[in-house]
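Coordinates as given in coords21.cif (mmCIF, C-alpha atoms):
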```
data_upload
loop_
_atom_site.label_atom_id
_atom_site.label_comp_id
_atom_site.auth_asym_id
_atom_site.auth_seq_id
_atom_site.Cartn_x
_atom_site.Cartn_y
_atom_site.Cartn_z
CA MET A 16 6.99 -10.93 -1.65
CA GLU A 17 5.85 -7.30 -1.63
CA GLU A 18 7.37 -6.85 -5.08
CA GLN A 19 5.35 -9.79 -6.41
CA ARG A 20 2.16 -8.34 -4.95
CA THR A 21 2.93 -4.98 -6.54
CA ARG A 22 3.43 -6.57 -9.95
CA ARG A 23 0.03 -8.20 -9.77
CA CYS A 24 -1.67 -4.88 -9.09
CA GLY A 25 -3.05 -2.60 -11.75
CA GLY A 26 -1.82 0.86 -12.62
CA PRO A 27 0.50 2.51 -15.07
CA PRO A 28 3.75 0.82 -16.10
CA TRP A 29 5.84 3.17 -13.94
CA ALA A 30 3.71 2.19 -10.92
CA ARG A 31 3.56 -1.55 -11.52
CA GLY A 32 6.95 -2.47 -12.88
CA GLY A 33 5.14 -5.33 -14.58
CA PRO A 34 6.17 -7.44 -17.54
CA PRO A 35 6.18 -6.07 -21.08
CA GLY A 36 3.18 -8.17 -21.95
CA GLY A 37 1.00 -6.50 -19.32
CA ARG A 38 -1.93 -4.24 -19.92
CA TRP A 39 -1.03 -0.92 -21.61
CA HIS A 40 -1.80 2.22 -19.64
CA GLY A 41 -0.16 5.03 -21.58
CA PRO A 42 2.41 6.06 -24.16
CA PRO A 43 6.12 5.38 -23.51
CA TRP A 44 6.90 9.02 -22.75
CA TRP A 45 4.25 8.98 -19.98
CA ASN A 46 6.92 7.83 -17.56
CA HIS A 47 8.68 10.76 -15.91
CA ARG A 48 10.80 8.66 -13.58
CA GLY A 49 13.09 6.68 -15.85
CA GLU A 50 16.21 4.90 -14.63
CA GLU A 51 17.59 5.02 -11.10
CA ASP A 52 20.74 7.06 -10.51
CA GLU A 53 23.54 6.32 -8.06
CA SER A 54 21.78 8.08 -5.18
CA GLY A 55 18.71 5.85 -5.53
CA GLY A 56 16.55 8.50 -7.22
CA HIS A 57 15.06 8.35 -10.68
CA ARG A 58 16.72 9.93 -13.67
CA PRO A 59 14.35 10.60 -16.59
CA ARG A 60 15.26 8.96 -19.87
CA TRP A 61 16.00 10.88 -23.00
CA PRO A 62 12.97 10.48 -25.33
CA TRP A 63 15.06 10.33 -28.50
CA ARG A 64 12.79 8.21 -30.64
CA SER A 65 9.54 10.06 -30.01
CA THR A 66 11.27 13.45 -30.41
CA LEU A 67 12.95 12.56 -33.71
CA LEU A 68 9.73 11.11 -35.10
CA LEU A 69 7.82 14.23 -34.12
CA ALA A 70 10.52 16.51 -35.58
CA ALA A 71 10.38 14.63 -38.89
CA PHE A 72 6.58 14.82 -38.93
CA VAL A 73 6.63 18.57 -38.19
CA MET A 74 9.17 19.28 -40.94
CA VAL A 75 7.39 17.21 -43.59
CA GLY A 76 3.92 18.29 -42.52
CA SER A 77 4.89 21.97 -42.55
CA LYS A 78 6.18 21.60 -46.10
CA PHE A 79 2.82 20.29 -47.28
CA ALA A 80 1.05 22.98 -45.26
CA ALA A 81 3.13 25.69 -47.01
CA GLU A 82 2.12 24.33 -50.42
CA ALA A 83 -1.54 24.47 -49.36
CA GLN A 84 -1.21 28.08 -48.09
CA PRO A 85 0.50 30.06 -50.85
CA GLU A 86 -0.72 33.36 -49.40
CA ARG A 87 1.51 32.87 -46.33
CA GLU A 88 5.29 33.31 -46.24
CA GLN A 89 7.10 30.32 -47.70
CA LEU A 90 9.40 28.26 -45.55
CA ASP A 91 12.96 29.58 -45.48
CA ALA A 92 16.00 28.87 -43.31
CA LEU A 93 14.56 30.79 -40.34
CA ALA A 94 11.26 28.91 -40.53
CA ARG A 95 12.98 25.54 -40.68
CA ALA A 96 15.24 26.50 -37.78
CA LEU A 97 12.23 27.48 -35.70
CA LEU A 98 10.39 24.25 -36.56
CA LEU A 99 13.39 22.04 -35.88
CA GLY A 100 14.44 23.92 -32.74
CA GLY A 101 10.95 23.76 -31.22
CA ALA A 102 10.75 20.03 -31.90
CA LEU A 103 14.25 19.27 -30.54
CA LEU A 104 13.48 21.17 -27.36
CA LEU A 105 11.17 18.29 -26.50
CA LEU A 106 14.22 16.16 -25.72
CA TRP A 107 14.34 17.99 -22.35
CA ARG A 108 10.62 17.84 -21.63
CA GLN A 109 11.03 15.29 -18.84
CA ARG A 110 14.00 17.00 -17.18
CA TYR A 111 13.04 20.66 -17.60
CA PRO A 112 9.34 20.74 -18.49
CA ALA A 113 8.85 24.41 -17.54
CA LEU A 114 11.70 25.65 -19.74
CA VAL A 115 10.58 23.44 -22.64
CA MET A 116 7.03 24.80 -22.32
CA CYS A 117 8.29 28.39 -22.53
CA GLY A 118 10.71 27.56 -25.35
CA THR A 119 8.20 25.82 -27.61
CA ALA A 120 5.61 28.55 -27.00
CA ALA A 121 8.20 31.22 -27.89
CA THR A 122 9.29 29.48 -31.13
CA ALA A 123 5.65 29.03 -32.16
CA LEU A 124 5.00 32.70 -31.39
CA VAL A 125 7.89 33.87 -33.55
CA TYR A 126 6.90 31.41 -36.29
CA PHE A 127 3.32 32.69 -36.58
CA SER A 128 4.33 36.36 -36.14
CA ALA A 129 6.68 35.99 -39.13
CA GLY A 130 3.73 34.98 -41.30
CA TYR A 131 4.71 31.36 -41.89
CA PRO A 132 1.94 28.87 -42.68
CA TYR A 133 -0.11 27.14 -40.01
CA GLY A 134 0.64 23.45 -39.56
CA PRO A 135 2.03 20.74 -37.27
CA VAL A 136 4.05 23.23 -35.22
CA PHE A 137 1.06 23.16 -32.88
CA LEU A 138 2.02 19.60 -31.89
CA THR A 139 5.28 20.68 -30.26
CA VAL A 140 3.43 23.16 -28.07
CA ALA A 141 0.77 20.56 -27.24
CA LEU A 142 3.29 17.94 -26.15
CA ALA A 143 5.29 20.47 -24.12
CA CYS A 144 2.08 21.59 -22.37
CA PHE A 145 1.17 17.98 -21.64
CA SER A 146 4.56 17.31 -20.03
CA ALA A 147 4.49 20.56 -18.03
CA VAL A 148 1.05 19.88 -16.58
CA LEU A 149 2.01 16.31 -15.63
CA ALA A 150 5.13 17.64 -13.92
CA GLY A 151 3.02 20.03 -11.83
CA HIS A 152 3.64 23.29 -13.73
CA ARG A 153 -0.04 23.89 -14.36
CA ARG A 154 -0.12 27.66 -14.03
CA LEU A 155 2.91 28.03 -16.26
CA ALA A 156 1.32 25.88 -18.97
CA TRP A 157 -1.96 27.79 -18.79
CA GLY A 158 -0.13 31.10 -18.85
CA ALA A 159 2.10 30.13 -21.79
CA LEU A 160 -0.83 29.00 -23.94
CA GLY A 161 -2.88 32.03 -22.91
CA THR A 162 -0.01 34.31 -23.89
CA LEU A 163 0.37 32.50 -27.22
CA TRP A 164 -3.31 32.96 -28.03
CA THR A 165 -3.33 36.62 -26.91
CA VAL A 166 -0.31 37.52 -29.05
CA HIS A 167 -1.80 35.65 -32.01
CA LEU A 168 -4.98 37.68 -31.49
CA LEU A 169 -3.02 40.94 -31.52
CA VAL A 170 -1.06 39.94 -34.60
CA GLY A 171 -4.14 38.80 -36.48
CA HIS A 172 -6.24 41.90 -35.74
CA TRP A 173 -3.80 44.74 -35.22
CA LEU A 174 -0.10 44.07 -35.85
CA TYR A 175 -0.70 42.29 -39.17
CA ARG A 176 -0.36 45.64 -40.97
CA TRP A 177 3.35 45.83 -40.13
CA LEU A 178 4.20 42.12 -40.21
CA PRO A 179 4.65 39.75 -43.14
CA PRO A 180 3.17 38.69 -45.45
CA GLU A 181 2.37 41.96 -47.18
CA GLY A 182 -1.27 42.55 -47.95
CA ASP A 183 -2.40 39.94 -45.49
CA PRO A 184 -5.95 40.73 -44.26
CA ALA A 185 -7.07 40.56 -40.64
CA SER A 186 -7.76 37.12 -39.26
CA SER A 187 -11.35 35.98 -38.99
CA TRP A 188 -12.93 35.52 -35.60
CA GLY A 189 -13.83 31.97 -36.58
CA GLU A 190 -10.12 31.22 -36.91
CA GLU A 191 -9.45 32.73 -33.48
CA ILE A 192 -12.25 30.69 -31.94
CA ALA A 193 -10.85 27.52 -33.54
CA ILE A 194 -7.39 28.21 -32.10
CA ALA A 195 -8.90 28.94 -28.67
CA ALA A 196 -10.83 25.66 -28.81
CA TRP A 197 -7.61 23.85 -29.76
CA ILE A 198 -5.83 25.38 -26.74
CA VAL A 199 -8.68 24.49 -24.38
CA ALA A 200 -8.67 20.91 -25.69
CA ILE A 201 -4.92 20.59 -25.06
CA LEU A 202 -5.30 21.88 -21.51
CA ALA A 203 -8.30 19.65 -20.83
CA VAL A 204 -6.49 16.51 -21.99
CA SER A 205 -3.42 17.47 -19.97
CA GLU A 206 -5.44 18.07 -16.82
CA LEU A 207 -7.32 14.80 -17.27
CA ALA A 208 -4.04 12.93 -17.63
CA ARG A 209 -2.64 14.67 -14.55
CA ALA A 210 -5.68 13.71 -12.47
CA ARG A 211 -5.47 10.11 -13.69
CA ARG A 212 -1.78 9.92 -12.87
CA GLU A 213 -2.30 11.35 -9.37
CA GLN A 214 -5.03 8.78 -8.79
CA TRP A 215 -2.63 6.01 -9.84
CA ASP A 216 0.00 7.42 -7.47
CA ARG A 217 -2.50 7.43 -4.62
CA ASP A 218 -3.57 3.87 -5.42
CA ARG A 219 0.04 2.72 -5.44
CA ALA A 220 0.71 4.46 -2.10
CA GLU A 221 -2.40 2.86 -0.61
CA ARG A 222 -1.28 -0.57 -1.85
CA ARG A 223 2.10 -0.09 -0.23
CA GLN A 224 0.52 1.04 3.04
CA ALA A 225 -1.84 -1.93 2.95
CA ALA A 226 1.08 -4.29 2.36
CA ARG A 227 3.00 -2.76 5.28
CA ARG A 228 -0.11 -2.95 7.46
CA ARG A 229 -0.61 -6.62 6.58
CA ALA A 230 3.04 -7.31 7.37
CA ASP A 231 2.73 -5.55 10.74
CA GLU A 232 -0.46 -7.42 11.56
CA GLU A 233 1.15 -10.72 10.62
CA ARG A 234 4.21 -9.91 12.74
CA LEU A 235 2.01 -9.08 15.74
CA ARG A 236 -0.06 -12.22 15.19
CA ILE A 237 3.04 -14.42 15.15
CA ALA A 238 4.47 -12.67 18.23
CA ARG A 239 1.17 -13.16 20.06
CA GLU A 240 0.99 -16.81 19.03
CA LEU A 241 4.55 -17.52 20.14
CA HIS A 242 3.93 -15.74 23.45
CA ASP A 243 0.80 -17.76 24.13
CA VAL A 244 2.48 -21.02 23.12
CA LEU A 245 5.58 -20.48 25.24
CA ALA A 246 4.24 -18.62 28.28
CA HIS A 247 2.06 -21.46 29.57
CA SER A 248 4.60 -24.23 28.98
CA ILE A 249 7.52 -22.25 30.37
CA SER A 250 5.46 -21.39 33.47
CA VAL A 251 4.73 -25.06 34.06
CA ILE A 252 8.39 -25.92 33.48
CA ASN A 253 9.48 -23.19 35.89
CA VAL A 254 7.18 -24.37 38.67
CA GLN A 255 8.08 -28.04 38.23
CA ALA A 256 11.78 -27.24 38.09
CA GLY A 257 11.44 -25.51 41.46
CA VAL A 258 9.57 -28.52 42.86
CA GLY A 259 12.16 -30.92 41.49
CA LEU A 260 15.07 -28.96 42.98
CA ALA A 261 13.34 -28.71 46.36
CA LEU A 262 12.51 -32.45 46.56
CA LEU A 263 15.53 -33.87 44.77
CA ASP A 264 17.11 -35.16 48.02
CA SER A 265 14.10 -35.60 50.31
CA ASP A 266 11.57 -37.10 47.86
CA PRO A 267 13.26 -38.43 44.69
CA GLU A 268 10.04 -39.99 43.41
CA GLN A 269 8.20 -36.65 43.50
CA ALA A 270 11.21 -35.02 41.84
CA ARG A 271 11.04 -37.63 39.10
CA THR A 272 7.36 -36.78 38.55
CA ALA A 273 8.27 -33.08 38.24
CA LEU A 274 10.96 -33.88 35.67
CA THR A 275 8.45 -36.00 33.71
CA THR A 276 6.04 -33.05 33.65
CA ILE A 277 8.86 -30.78 32.45
CA LYS A 278 9.66 -33.18 29.63
CA ALA A 279 6.02 -33.38 28.49
CA ALA A 280 5.49 -29.60 28.66
CA SER A 281 8.69 -28.84 26.76
CA LYS A 282 7.84 -31.41 24.09
CA GLU A 283 4.41 -29.87 23.56
CA ALA A 284 5.89 -26.36 23.46
CA LEU A 285 8.47 -27.41 20.87
CA GLY A 286 5.75 -28.98 18.73
CA GLU A 287 3.60 -25.86 18.73
CA VAL A 288 6.59 -23.57 18.05
CA ARG A 289 7.60 -25.80 15.16
CA GLN A 290 4.06 -25.51 13.76
CA VAL A 291 4.22 -21.70 13.91
CA LEU A 292 7.64 -21.67 12.24
CA ASP A 293 6.42 -24.02 9.51
CA THR A 294 3.75 -21.50 8.55
CA LEU A 295 6.51 -18.90 8.17
CA ARG A 296 8.70 -21.08 5.98
CA THR A 297 5.87 -22.16 3.68
CA PRO A 298 3.48 -19.20 3.27
CA GLY A 299 0.20 -20.13 1.64
CA ASP A 300 0.41 -23.82 2.58
CA ALA A 301 -2.09 -25.33 4.97
CA PRO A 302 -0.71 -26.03 8.45
CA ARG A 303 0.27 -29.64 9.05
CA ALA A 304 -1.60 -29.79 12.37
CA PRO A 305 -4.98 -28.28 13.21
CA ALA A 306 -5.02 -25.15 15.35
CA PRO A 307 -5.81 -25.87 19.00
CA GLY A 308 -9.32 -25.25 20.29
CA LEU A 309 -11.47 -25.77 23.35
CA ASP A 310 -11.53 -29.51 22.64
CA ARG A 311 -8.00 -29.48 24.12
CA LEU A 312 -9.19 -27.89 27.36
CA PRO A 313 -8.58 -31.15 29.29
CA GLU A 314 -4.92 -30.92 28.28
CA LEU A 315 -4.71 -27.44 29.81
CA VAL A 316 -6.32 -28.77 33.00
CA GLU A 317 -3.78 -31.61 33.12
CA GLN A 318 -0.85 -29.25 32.56
CA ALA A 319 -2.13 -26.89 35.23
CA ALA A 320 -2.44 -29.83 37.60
CA GLY A 321 1.20 -30.60 36.91
CA ALA A 322 2.02 -27.07 38.06
CA GLY A 323 0.05 -27.62 41.28
CA LEU A 324 -3.13 -25.85 40.15
CA THR A 325 -6.53 -27.54 40.44
CA VAL A 326 -8.88 -26.38 37.66
CA ALA A 327 -12.63 -26.97 37.65
CA VAL A 328 -14.31 -26.74 34.24
CA GLU A 329 -17.98 -25.85 33.86
CA ASN A 330 -19.51 -26.20 30.42
CA GLY A 331 -22.82 -24.57 29.59
CA ASP A 332 -24.53 -25.06 26.24
CA ASP A 333 -21.93 -26.98 24.23
CA SER A 334 -24.00 -27.50 21.06
CA GLY A 335 -22.43 -26.93 17.69
CA LYS A 336 -18.88 -26.51 16.51
CA LEU A 337 -17.12 -23.21 17.04
CA PRO A 338 -15.66 -21.21 14.14
CA PRO A 339 -11.90 -21.87 13.83
CA GLY A 340 -10.91 -18.29 14.69
CA ALA A 341 -13.09 -18.12 17.80
CA ASP A 342 -12.07 -21.62 18.88
CA LEU A 343 -8.36 -20.76 18.71
CA ALA A 344 -8.83 -17.41 20.48
CA ALA A 345 -10.87 -19.04 23.26
CA PHE A 346 -8.21 -21.70 23.82
CA ARG A 347 -5.41 -19.11 23.96
CA ILE A 348 -7.36 -16.85 26.34
CA VAL A 349 -8.02 -19.72 28.77
CA GLN A 350 -4.40 -20.84 28.44
CA GLU A 351 -3.04 -17.37 29.20
CA ALA A 352 -5.48 -16.85 32.09
CA LEU A 353 -4.40 -20.13 33.73
CA THR A 354 -0.76 -19.21 33.14
CA ASN A 355 -1.33 -15.94 34.98
CA VAL A 356 -2.91 -17.83 37.90
CA VAL A 357 0.16 -20.07 38.12
CA ARG A 358 2.49 -17.06 37.96
CA HIS A 359 0.78 -14.39 40.00
CA SER A 360 -1.84 -15.95 42.29
CA GLY A 361 -1.40 -17.49 45.70
CA SER A 362 -4.47 -19.65 45.08
CA ARG A 363 -4.05 -23.21 43.91
CA ARG A 364 -7.60 -23.45 42.60
CA ALA A 365 -9.20 -21.95 39.48
CA CYS A 366 -12.56 -22.27 37.77
CA VAL A 367 -13.17 -22.08 34.01
CA ARG A 368 -16.75 -21.45 32.86
CA VAL A 369 -17.63 -21.79 29.14
CA ASP A 370 -21.06 -20.65 27.92
CA ARG A 371 -22.34 -20.37 24.39
CA THR A 372 -25.34 -18.05 24.26
CA GLY A 373 -26.84 -17.21 20.89
CA ASP A 374 -24.15 -15.78 18.65
CA SER A 375 -21.51 -15.28 21.32
CA LEU A 376 -19.14 -17.34 23.44
CA ARG A 377 -18.54 -16.31 27.07
CA LEU A 378 -15.44 -17.40 28.95
CA ARG A 379 -14.97 -16.80 32.69
CA ILE A 380 -11.79 -17.75 34.51
CA ASP A 381 -11.76 -17.18 38.29
CA ASP A 382 -9.19 -17.77 40.99
CA ASP A 383 -9.48 -17.11 44.72
CA GLY A 384 -6.21 -15.18 45.03
CA PRO A 385 -4.58 -13.39 46.66
CA ALA A 386 -1.82 -12.09 44.38
CA THR A 387 1.64 -13.24 45.38
CA GLY A 388 3.32 -9.93 44.52
CA GLU A 389 6.43 -11.82 43.42
CA GLU A 390 8.30 -11.34 40.17
CA ALA A 391 7.06 -14.09 37.88
CA GLY A 392 9.52 -13.54 35.08
CA GLY A 393 6.88 -12.91 32.44
CA SER A 394 6.92 -10.33 29.66
CA GLY A 395 3.84 -8.48 30.91
CA ASN A 396 2.07 -8.95 27.56
CA GLY A 397 -0.43 -11.60 28.66
CA LEU A 398 -3.48 -9.39 29.21
CA ALA A 399 -2.58 -7.26 26.19
CA GLY A 400 -2.38 -10.40 24.03
CA MET A 401 -5.78 -11.59 25.25
CA ARG A 402 -7.35 -8.21 24.46
CA GLU A 403 -5.78 -8.23 20.98
CA ARG A 404 -7.21 -11.67 20.25
CA ALA A 405 -10.66 -10.66 21.44
CA ALA A 406 -10.54 -7.36 19.52
CA ALA A 407 -9.52 -9.18 16.33
CA LEU A 408 -12.81 -11.09 16.55
CA GLY A 409 -14.83 -8.03 17.56
CA GLY A 410 -15.11 -9.22 21.16
CA THR A 411 -14.20 -7.82 24.57
CA ILE A 412 -12.04 -8.75 27.56
CA GLU A 413 -12.60 -7.66 31.16
CA ALA A 414 -9.92 -8.52 33.70
CA GLY A 415 -9.60 -7.34 37.29
CA PRO A 416 -9.96 -8.16 40.98
CA ARG A 417 -13.27 -9.52 42.28
CA GLU A 418 -15.17 -7.85 45.11
CA ASP A 419 -14.92 -10.98 47.26
CA GLY A 420 -11.21 -11.38 46.55
CA GLY A 421 -9.35 -13.19 43.85
CA PHE A 422 -9.19 -12.31 40.19
CA ARG A 423 -11.53 -12.75 37.23
CA VAL A 424 -11.07 -12.76 33.47
CA LEU A 425 -14.30 -12.41 31.47
CA ALA A 426 -14.18 -12.73 27.69
CA VAL A 427 -17.06 -12.37 25.21
CA LEU A 428 -16.33 -13.53 21.65
CA PRO A 429 -18.85 -13.16 18.80
CA LEU A 430 -19.33 -16.29 16.73
CA LYS A 431 -20.72 -14.54 13.64
CA LYS A 432 -19.36 -11.70 11.48
CA SER A 433 -15.90 -12.51 12.70
CA ARG A 434 -13.32 -9.98 11.68
CA ILE A 435 -10.31 -12.21 12.15
CA PRO A 436 -8.18 -12.43 8.97
CA GLU A 437 -8.29 -15.63 6.99
CA GLU A 438 -4.59 -16.32 7.55
CA ASP A 439 -5.20 -16.41 11.32
CA ARG A 440 -7.67 -19.20 10.86
#
```
Kindly transcribe the structure held in the file into structure tokens.
Amino acid sequence: MEEQRTRRCGGPPWARGGPPGGRWHGPPWWNHRGEEDESGGHRPRWPWRSTLLLAAFVMVGSKFAAEAQPEREQLDALARALLLGGALLLLWRQRYPALVMCGTAATALVYFSAGYPYGPVFLTVALACFSAVLAGHRRLAWGALGTLWTVHLLVGHWLYRWLPPEGDPASSWGEEIAIAAWIVAILAVSELARARREQWDRDRAERRQAARRRADEERLRIARELHDVLAHSISVINVQAGVGLALLDSDPEQARTALTTIKAASKEALGEVRQVLDTLRTPGDAPRAPAPGLDRLPELVEQAAGAGLTVAVENGDDSGKLPPGADLAAFRIVQEALTNVVRHSGSRRACVRVDRTGDSLRLRIDDDGPATGEEAGGSGNGLAGMRERAAALGGTIEAGPREDGGFRVLAVLPLKKSRIPEEDR
């Protein structure tokens, strides 16, 4: 699933892994990662095609350049070896970009110092600089091009007297400025490409972190939902099982009633668990049954009564329909609060107060206590789950003992600007 999301995202081909027909983001040799090796890393590919095409262009272009510059030394075996060697060095530009940068700059330096004609040999240096900067060797690339320009300056204005061709005058400052501008342009393009690539890398890392965060949030949501679904029903089943065992011989009719309550609670729990699992098996599909809400509060009261708990419900302003996210959270908070009363309180009475005031929903669940202090067999995640549900909506939960005894849970849920994710709804 994460791979499909990544393919739909933008970015360079090496970041997306998308189909060949996707949007183009750079030349083929832009990718410095290549194929995966046995250890799981990436082994750069050999750029044979682009290197051979460039070598052919440099050789042919230099021939035409020599014909247009008869005052320079004509191409001989050494010149062709330098041209071909500098171009073929680019085969290693993805594996050893620093060495290739130094090698191409050195061959170009020897080529110009020998008095050979200017021409496409600049392209080999430009491509090597581009690869070195992308690989992170920025200072080396700047230093190599700076050295190349400095030596060319010395040759053109001082060493030309002792170097071929004979009778060659000093270079013009306009020519030096043009070469300097060419070098600056190469470095500027390389730095721009490096910045763009780093931005793509950051975007890809952020997408992966977002995908992991969504997966973690979904996992926590499902765990919270399963806890809320099971905790209440299992608590009712546990209480009724104890009643049934205690009255099995002395009051068979009451034991039968307890077993009937167990059957109904387990059936409801199985139905809700099946609904949660269905959403996992068919992601993106609408749930087959609506999410529970406060309209099912009478069912909670009936289930609590089956566990021996009398629940009084007080409804304030009940006008208007609640948003799905707030309705579900309110139901689960009341359900968990009543479950905690059954598990941990010695009181057999509880009061649920529901008030809708303006843009918020207030829930208050009280019991008279005291706490039993017995091990209830729960996971201890009830209050944490209620706080997570309230926080997901931007609301708050207050839970603690009352001054007059007993225990109170007070929840405030905003009904507008809900921050709950769409999938939770």
Which one is closest to Cys366 of chain A: A:Leu149, A:Ile380, A:Leu68, A:Ala386? Count only C-alpha atoms.
->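 So, comparing all the options, the nearest one is A:Ile380.
The space separating atom CA of Leu425 of chain A from atom CA of Glu351 of chain A comes to 12.5 Å.
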When you look at segment 155-157 of chain A with a cut-off of 7 Å (counting only C-alpha atoms), what residues show up, excluding the ones that are within fewer than 6 positions of it in the same chain? I need them as an mmCIF file with C-alpha atoms, keeping the file's coordinate frame.
```cif
data_model
loop_
_atom_site.group_PDB
_atom_site.id
_atom_site.type_symbol
_atom_site.label_atom_id
_atom_site.label_comp_id
_atom_site.auth_asym_id
_atom_site.auth_seq_id
_atom_site.Cartn_x
_atom_site.Cartn_y
_atom_site.Cartn_z
ATOM 1 C CA MET A 116 7.030 24.800 -22.320
ATOM 2 C CA CYS A 144 2.080 21.590 -22.370
ATOM 3 C CA ALA A 147 4.490 20.560 -18.030
ATOM 4 C CA VAL A 148 1.050 19.880 -16.580
#
```
For the file shown, report as a PyMOL selection string the outcome of the PyMOL selection byres ((chain A and resi 95-110) around 9) at residue level.
-> chain A and resi 44+46-48+58-63+65-67+69-71+73-74+77+90-94+111-116+118-123+125-126+136+138-140+142-143+146-147+150
Nearest candidate to Arg311 of chain A (options A:Ala280, A:Leu343, A:Ala327, A:Leu353; using only C-alpha atoms) | A:Leu343
The residue from A:Lys278, A:Arg234, A:His242, A:Arg211 with the smallest atom-to-atom distance to Gln255 of chain A, counting all atoms listed in the file, is A:Lys278
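Of note, atom CA of Ala256 of chain A and atom CA of Ala238 of chain A are spaced 25.7 Å apart.
With only C-alpha atoms as the atoms that count, the residue of A:Cys117, A:Arg417, A:Asp231, A:Glu221 with the shortest distance to Leu160 of chain A is A:Cys117.
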For atom CA of Phe145 of chain A and atom CA of Leu169 of chain A, determine how far apart the two atoms are, in Å to one decimal place.
->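 Atom CA of Leu169 of chain A lies 25.3 Å from atom CA of Phe145 of chain A.
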Counting all atoms listed in the file, the option among A:Gln269, A:Ser128, A:Ser281, A:Thr162 closest to Val251 of chain A |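 Residue with the minimum atom-to-atom distance to Val251 of chain A: A:Ser281.
Proximity to Glu240 of chain A was assessed for A:Ser205, A:Ser265, A:Thr272, A:Gln350 counting all atoms listed in the file; the smallest distance is recorded for A:Gln350.
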Please identify all polymer residues within 12 Å of Gly421 of chain A, counting all atoms listed in the file, omitting same-chain residues fewer than 6 positions from it, and present them as a PyMOL selection string.
-> chain A and resi 356+359-366+380-387+414-415
Kindly provide, as AutoDock Vina command-line options, the centre and edge lengths (Å, one decimal) of an axis-aligned box around all atoms of segment 359-372 of chain A given in the file, with 4 Å on each side.
```
--center_x -12.3 --center_y -18.9 --center_z 35.0 --size_x 34.1 --size_y 17.1 --size_z 29.4
```
Apply the PyMOL selection byres ((chain A and resi 192-200) around 10) to the file shown and report the selected residues as a ChimeraX atom specification.
-> /A:137,140-141,144,157,160-161,163-165,167-168,187-191,201-206
Starting from the displayed file, determine the output of the PyMOL selection byres ((chain A and resi 250) around 12) and express the residue list as a ChimeraX atom specification.
-> /A:242-249,251-257,276-277,280-281,284,318-319,321-324,350-359,391-394
